[in-house]
Structure formats: C-alpha cells, structure tokens
Amino acid sequence: MNAIVKSPFAWLLKREYWEERRGLLWSQVTVAGILIVLSIFGIIAAEVARVRMGGDIHIVSGGDLSQALQNAASHNSEGLAQAVGGMMWTFGLFAGVVLSFKLFFYLLGALYEDRKDRSILFWKSLPISDTATVLSKVVTAILVMPVIAVVVALAGFLGEMIVASIWFAAHGLNPFTLLWAHATPWASWLHMLATIPINAVWALPTIGWLLLWSAAVRGKPLLWAVMIPVVAGVLNSWIALLGLPHVNIQFFWSNLVARPLLSVIPGSWVTDYVAQQGGTINIQPGNISGIDAHLGSYAAMYHMFLTPNMWIGAAVGIALIAAAIWFRRWRDEV
Amino acid sequence: MNVAAEAFAERPAISPAAGSESVVHARALTKRYKNTVALDGADFEVGSGRIVGLIGPNGAGKTTALKAILGLTDFEGDLSVLGMDPRRQRPQLMRDVCFIADVATLPRWIRVNEAVDFVAGVHPRFDRAKCERFLARTKLQANQRVREMSKGMIVQLHLAIVMAIDARLLVLDEPTLGLDILYRKQFYQSLLEDYFDENKTILITTHQVEEVEHILTDLMFIRDGKIALATTMDEMGARFAEVLVNPDQAEAARALNPIDERAAVFGKSIFLYNSADPEQLARLGEVKRPSVSDLFVAIMKGTYA
C-alpha cells in the first residue's frame, strides 16, 4: 500500500488534484452547499408563513405545519422514506451535472494548458514518460473526479438531513425515529459508486477524443473537438436531404457525434440501455424514478458490459488515448 | 557564408575537451521544418566536466539543438546524450539530465512545498534536504504560489530544485532572461559554488554573453544550423588575438589577414586575428585576448544583412 502511495504515478495523480482542486472539489462543495442553503430558505419561508398566518397554515389536507409533518411521518412513512431517498438522488444528480461540465473542460485543457503557459517544459524536465502523464489524466477523469463527486453528494445529503432534523426537533418531532430510521441513502449511494466503472468504460471515447485535441492542436481545442463531429453530422444530414448516399442519420448523430462529445456525462449510457430494451425514457420533472428504475438493479446496470456499443466505444477510446500520448510526446509549446 | 566562417569550416568543429568522455555527441544533426532548416548537419561534442556556451543569433538553431538533446523534437543524423538516444530513451535520460528552459516555466498554480514534494516523489536523484537548504537562503515561503512570485523568485525556486538533483548534464536555455542584475549574478554564482564539479556538465545558451564569459570552459558558435566555431576558452585565448593598431600601421595589419577590423578611438583600429604569429602582432600594437562578444560579432558578421 505504502509503495503505491509513494509511487511516481500516485504523485502524478496528486499533481492533478493540486492543480484542479478548485474544479474538482470546491465546485462540488459549492453546489451541495447551495442546495442546503436553498432548503434552509424554504424552511424559513414556511416558518415565516406559519407565523404570519397565526399558526394556521393549511398544507394540502389541513392542519398546521407541525401536524403536517406529523401526518406525513405517521401516515405516509413510505412517502417520507421515498423523499429521503430522493434527496440522496437530488444531491447525486447535481453532483453529476457539475461533474459532466468539469470533466469536459478538464479533459480539453489537460494536455493543452501546460503547453500554452509553457510549464510543459518543466514537467518534461522530469523523468516521467508521456504515457504515464496522459494516463494520470485519464485516471483523474474516470476515478478521482467521480469519487469526489459521489463523496460530496453523500456529505451534502448528510448536511441536509441534519438541517431537516433540527427542523423536525423544533416542532417537537423525533428526527431519529421519523427521519433517520427511514434514511436508506446507503443503497442509493452504493448504486452511485457502482456506476463509476460503467461510466468509466462508457466515457472512454469522449476522454480519448477530448485528450487528442488537447494534445494535438496549437490553439482552440474546444473548437476543433466540437466542430468536427457537429459539422460532419450536419453535412451527413444535408447529403441525406439531397437524397444522396449517406450514413444513417440517427446512427451518425448518436454514435459519431454524441458518443465522442457527451459520453463523460455520468449515466448517459442509460439512454442506450433503454433504447436496447426497445423503450423510451420519459423523465418528468420531480420524478426521477424513471432513471432510478434502470439504475435500480445492479444486474441491469452491468448488462451494459455485454453490449457492443460499450466495447467498440472503449476500443476507439483507447486508440484515441494512444494517439494523444503520441502527440504529447512530440508536440511542445504552442 | 562570410570569410571568417569559411576559415573555420575547414577545421573539424569539435572541442577537444581534454581527454574526457563525451556527454553529447552529434554528427550531421539536421532538423527541417516546413519552410526552414533549423539544423543543417551540425557536428559537435560536449565533454564531461565542462561548462559550454552555445551562442548564436536568433534563428540560428540553438533552441532546436537543445530540444534535440532533450528529446523534445525529432531530427535526422546521429545524436547520443550520455550514450542514450534522446528520441527513444527520454524518460531514462531525464534521470541524468536537467534543464531550465527560460524563466517562467514553473506552473503558476504550484506552491513551493508542492513543487518540492512532487519532484521528490518522481525523481530518484533528488536530494530534498539539499533543496531545503537552498530554499532557506531565499525569502520563499513554503505555501507561496508561483503566481505570487517575482521572476527572480521563480528562478530561485527552479534553481533550488534543479541544483538538488544529482544530474550529469544540466541544460540552461536563456535561464536569466528578463531578470535584474542581482538575480543574474546570483544565479551563476550559485551554479559555480553549489553545483558544478568535475562530474557535471553544463550547456548554456544565452544572449547575455558577457555574463557567462568568465564561467565558460568551452565555446560553440552556431550559425545557420551549423557549428561555426567550437573551441575551449584556453584554446581561444591562444588562437585569437586582438590588436589595437595606430593608423600608420593599418596597412601592415591588413596584410596579415585579420578576420575583422573595427574602428576605435583616435583613428586607431582594432584588428582581430585567427592563428596569427604572436610576434608579428606584437610589432603592430597592443595585443590582447578578444572578448567572446567581439569574437562572436566578427564571426557572425553579415548574419542579418
């Protein structure tokens, strides 16, 4: 263990963490914090309303706030448990959104920014292979950043539970029997952890595509990485419109445009999974159980590893990463 | 090619680094870019335990030569550095080779302690205690970021790290560009006092020739991708001479084939000779050893014309 922690590769990961600390950790903490602050605002608003209405605010089916909470707790414990579980998924969802953006721009800059500011000349003065350097960026993207996101989501959930507990206690309700007994975040949380390997393999084509442009271009990696597939997609659709031979439009957009650009979005393989089941997903606001159901079973999730889309994408991704390593070897400052 | 450069072309441009093994060995080193030839069959040798100045005008191929030595660029021809091919064995090579490529290449986000920790973690030849001793002499704070430092402080940090690495070859590419005089003097002073010994070799490129002149043991001039002159400083003193000649002796001075003539005060001229007879020169006027910059200017004449 000690040998692993002290290996040069571990230092490369640590370097990525130091450099990206703000993006990796603090953006996640900020978003989780905002969610908690918003819920505190909600509680304050409810309390202020209660006081203004002279303790006679009617929620849904009558009764005051304390009573409403009491009712919810005693008559609808299943609903309460679901709400608590949903809270975990809400934190997970926001962490996932932040992670998607961070990953995309991290990968685009990973092999470009140090060429731009010439610090590549410092990194290259050390006995580290370019393969190790590029792989440290890949591991940061598929492991370090998602683990941080999932851990912060859990911390945010626990913070939210503490806020809710204080609120319950202030109304004379026992938060331990009412809230924490129903708190089954662990199952949801373990599911989030369990998606990390699937997300990782699924994301390889996007990781490879973004790193390739990051390592290769002399400027504007974002433009190259995005314009090439999008323009190709538009051209293909246009050729189709003219009735000339073309690649299937649906196939082109989903496999040659979305896959290299959007596969870093955690859980984006769900669309592919659902499409294979011949269904469509229909996510309604406030109801994420549609996704939940598909993420609900480990067997269903890991079924993704039996699909060709997963493995063809992974093979292409690995080839692109190899190309990025080659460019890293021979390109220097921009 | 001017007369002076031609005069050297027939000599093998190899510095005779007195009996020591060679650290860098280049034969017919060539690098072509799309429209230009940066290195045009350069031959040179860098001996162990030497401090070599690689000096040339802008665009002469200095940086390309250094990049080839450091394995940062592809090339044609033969090049071995410490017996290794820098193209194929770069990671191993970098255990024994260090470089500082101008002033501002430390990443701006890194802190002093992070930089030291990182290099200690990845470099097998790094001596942390030594680095901390060097840092203790500066005003750098452990948690200070590079972006909060002046250029001079950045160089102090970089130098403290590099000097704590027991490398065999140190490559410095314009290491003091943009620094004030105090930091520049301190930079070379530290290198001589705390770093250089007979097992180490330093290869420097710089525009500020006057500053390195007194520490160099060897000199290489590069022009149009070729080595125009390679000599030890001792040999240079024996081979080149500068004479301050009165106007009445000027014709006699010209008859001895000077490689350069330039005007001095009171109508006098300064003539520069390559391998001329010292006794004959003494009869013309006051003889002295030319400065590297005067020799450089004489040999590079017509470069920008």
# chains A, B, ... in the order shown; residues from 1 in each chain; ligands from 1
$ closest_atom_pairs --of "chain B" --to "chain A" --cutoff "7 Å" --atoms "only C-alpha atoms" --output "Markdown table"
| residue | atom | partner | partner_atom | distance |
| --- | --- | --- | --- | --- |
| B:Leu72 | CA | A:Trp330 | CA | 6.4 |
| B:Thr73 | CA | A:Trp330 | CA | 6.1 |
| B:Pro91 | CA | A:Pro127 | CA | 4.6 |
| B:Gln92 | CA | A:Pro127 | CA | 6.3 |
| B:Met94 | CA | A:Pro127 | CA | 4.6 |
| B:Arg95 | CA | A:Pro127 | CA | 5.4 |
| B:Cys98 | CA | A:Ser125 | CA | 5.9 |
| B:Phe99 | CA | A:Ser125 | CA | 5.8 |
| B:Ala101 | CA | A:Leu121 | CA | 6.6 |
| B:Thr105 | CA | A:Ser119 | CA | 4.3 |
| B:Leu106 | CA | A:Ser119 | CA | 5.4 |
| B:Pro107 | CA | A:Ser119 | CA | 5.1 |
| B:Trp109 | CA | A:Glu19 | CA | 6.5 |
| B:Phe118 | CA | A:Trp11 | CA | 6.2 |
| B:Gly121 | CA | A:Pro8 | CA | 5.8 |
| B:Val122 | CA | A:Pro8 | CA | 4.7 |
| B:His123 | CA | A:Pro127 | CA | 6.5 |
$ select_by_dssp --residues "range 76-215 of chain B" --states "helix (DSSP H, G or I)" --output "ChimeraX atom specification"
/B:90-96,112-122,128-136,146-148,151-163,181-195,209-213
$ residues_around --residues "Asp85 in chain B" --least-positions-apart "5" --cutoff "12 Å" --atoms "only C-alpha atoms" --output "list in words"
Val23, Val24, His25, Ala26, Ala68, Ile69, Leu70, Gly71, Leu72, Thr73, Asp74, Phe75, Gly77, Asp78, Leu79, Ser80, Arg90, Pro91, Gln92, Leu93 and Met94 of chain B
$ closest_residue --among "B:Glu242, B:Glu132, B:Asp117, B:Glu76" --to "Gln156 in chain B" --atoms "only C-alpha atoms"
B:Glu132
$ select_by_dssp --residues "range 54-282 of chain B" --states "strand (DSSP E)" --output "PyMOL selection string"
chain B and resi 54-55+76-81+97-101+169-173+201-205+218-223+226-232+240-245+260-263+269-274
$ atom_distance --atom1 "CA of Gln186 in chain B" --atom2 "CA of Leu169 in chain B"
20.5 Å
$ residues_around --residues "Ala323 in chain A" --least-positions-apart "4" --cutoff "8 Å" --atoms "only C-alpha atoms" --output "list of chain:residue names"
A:Leu212, A:Ala319, A:Phe327
$ write_last_selection --atoms "N, CA and C atoms" --output "mmCIF file, in the first residue's frame"
data_model
loop_
_atom_site.group_PDB
_atom_site.id
_atom_site.type_symbol
_atom_site.label_atom_id
_atom_site.label_comp_id
_atom_site.auth_asym_id
_atom_site.auth_seq_id
_atom_site.Cartn_x
_atom_site.Cartn_y
_atom_site.Cartn_z
ATOM 1 N N LEU A 212 -7.174 13.932 -27.248
ATOM 2 C CA LEU A 212 -6.465 14.001 -28.529
ATOM 3 C C LEU A 212 -6.342 15.448 -29.001
ATOM 4 N N ALA A 319 -7.740 3.726 -28.543
ATOM 5 C CA ALA A 319 -6.925 4.117 -29.703
ATOM 6 C C ALA A 319 -6.703 5.640 -29.705
ATOM 7 N N PHE A 327 0.977 12.414 -29.570
ATOM 8 C CA PHE A 327 1.057 13.876 -29.734
ATOM 9 C C PHE A 327 1.745 14.523 -28.539
#
$ atom_distance --atom1 "CA of Lys185 in chain B" --atom2 "CA of Ile227 in chain B"
28.1 Å
$ residues_around --residues "Pro175 in chain A" --least-positions-apart "5" --cutoff "9 Å" --atoms "only C-alpha atoms" --output "list in words"
Ala164, Ser165, Ile166, Trp167, Phe168, Ala169, Trp180 and Ala181 of chain A
$ write_last_selection --atoms "all heavy atoms" --output "mmCIF file, in the first residue's frame"
data_model
loop_
_atom_site.group_PDB
_atom_site.id
_atom_site.type_symbol
_atom_site.label_atom_id
_atom_site.label_comp_id
_atom_site.auth_asym_id
_atom_site.auth_seq_id
_atom_site.Cartn_x
_atom_site.Cartn_y
_atom_site.Cartn_z
ATOM 1 N N ALA A 164 -32.805 19.133 8.317
ATOM 2 C CA ALA A 164 -34.169 18.637 8.455
ATOM 3 C C ALA A 164 -34.426 18.162 9.880
ATOM 4 O O ALA A 164 -35.504 18.375 10.436
ATOM 5 C CB ALA A 164 -34.419 17.510 7.449
ATOM 6 N N SER A 165 -33.409 17.519 10.484
ATOM 7 C CA SER A 165 -33.561 17.013 11.855
ATOM 8 C C SER A 165 -33.820 18.152 12.826
ATOM 9 O O SER A 165 -34.681 18.055 13.708
ATOM 10 C CB SER A 165 -32.295 16.274 12.288
ATOM 11 O OG SER A 165 -32.084 15.174 11.452
ATOM 12 N N ILE A 166 -33.041 19.236 12.644
ATOM 13 C CA ILE A 166 -33.214 20.391 13.527
ATOM 14 C C ILE A 166 -34.637 20.939 13.387
ATOM 15 O O ILE A 166 -35.315 21.254 14.361
ATOM 16 C CB ILE A 166 -32.157 21.474 13.211
ATOM 17 C CG1 ILE A 166 -30.768 20.940 13.556
ATOM 18 C CG2 ILE A 166 -32.447 22.765 13.967
ATOM 19 C CD1 ILE A 166 -29.628 21.807 13.058
ATOM 20 N N TRP A 167 -35.106 20.967 12.133
ATOM 21 C CA TRP A 167 -36.437 21.481 11.859
ATOM 22 C C TRP A 167 -37.497 20.594 12.531
ATOM 23 O O TRP A 167 -38.406 21.063 13.199
ATOM 24 C CB TRP A 167 -36.645 21.516 10.334
ATOM 25 C CG TRP A 167 -37.889 22.233 9.902
ATOM 26 C CD1 TRP A 167 -38.440 23.342 10.442
ATOM 27 C CD2 TRP A 167 -38.743 21.858 8.820
ATOM 28 N NE1 TRP A 167 -39.562 23.710 9.761
ATOM 29 C CE2 TRP A 167 -39.769 22.804 8.750
ATOM 30 C CE3 TRP A 167 -38.705 20.820 7.879
ATOM 31 C CZ2 TRP A 167 -40.780 22.741 7.797
ATOM 32 C CZ3 TRP A 167 -39.704 20.767 6.922
ATOM 33 C CH2 TRP A 167 -40.726 21.719 6.884
ATOM 34 N N PHE A 168 -37.350 19.280 12.348
ATOM 35 C CA PHE A 168 -38.274 18.330 12.980
ATOM 36 C C PHE A 168 -38.258 18.494 14.489
ATOM 37 O O PHE A 168 -39.300 18.565 15.134
ATOM 38 C CB PHE A 168 -37.891 16.887 12.610
ATOM 39 C CG PHE A 168 -38.558 16.393 11.350
ATOM 40 C CD1 PHE A 168 -38.537 17.151 10.192
ATOM 41 C CD2 PHE A 168 -39.211 15.160 11.334
ATOM 42 C CE1 PHE A 168 -39.154 16.697 9.039
ATOM 43 C CE2 PHE A 168 -39.839 14.705 10.183
ATOM 44 C CZ PHE A 168 -39.809 15.468 9.028
ATOM 45 N N ALA A 169 -37.055 18.575 15.048
ATOM 46 C CA ALA A 169 -36.915 18.672 16.501
ATOM 47 C C ALA A 169 -37.568 19.946 17.014
ATOM 48 O O ALA A 169 -38.198 19.954 18.069
ATOM 49 C CB ALA A 169 -35.442 18.622 16.885
ATOM 50 N N TRP A 180 -34.266 9.525 10.347
ATOM 51 C CA TRP A 180 -33.067 8.707 10.171
ATOM 52 C C TRP A 180 -33.406 7.227 10.038
ATOM 53 O O TRP A 180 -32.687 6.486 9.369
ATOM 54 C CB TRP A 180 -32.074 8.945 11.311
ATOM 55 C CG TRP A 180 -31.519 10.337 11.253
ATOM 56 C CD1 TRP A 180 -32.063 11.439 11.829
ATOM 57 C CD2 TRP A 180 -30.367 10.765 10.546
ATOM 58 N NE1 TRP A 180 -31.313 12.552 11.531
ATOM 59 C CE2 TRP A 180 -30.251 12.159 10.744
ATOM 60 C CE3 TRP A 180 -29.404 10.118 9.772
ATOM 61 C CZ2 TRP A 180 -29.227 12.913 10.194
ATOM 62 C CZ3 TRP A 180 -28.376 10.865 9.231
ATOM 63 C CH2 TRP A 180 -28.300 12.258 9.438
ATOM 64 N N ALA A 181 -34.524 6.812 10.679
ATOM 65 C CA ALA A 181 -34.915 5.419 10.551
ATOM 66 C C ALA A 181 -35.293 5.095 9.117
ATOM 67 O O ALA A 181 -35.122 3.979 8.642
ATOM 68 C CB ALA A 181 -36.092 5.117 11.485
#
$ atom_distance --atom1 "CA of Pro308 in chain A" --atom2 "CA of Ala225 in chain A"
24.4 Å
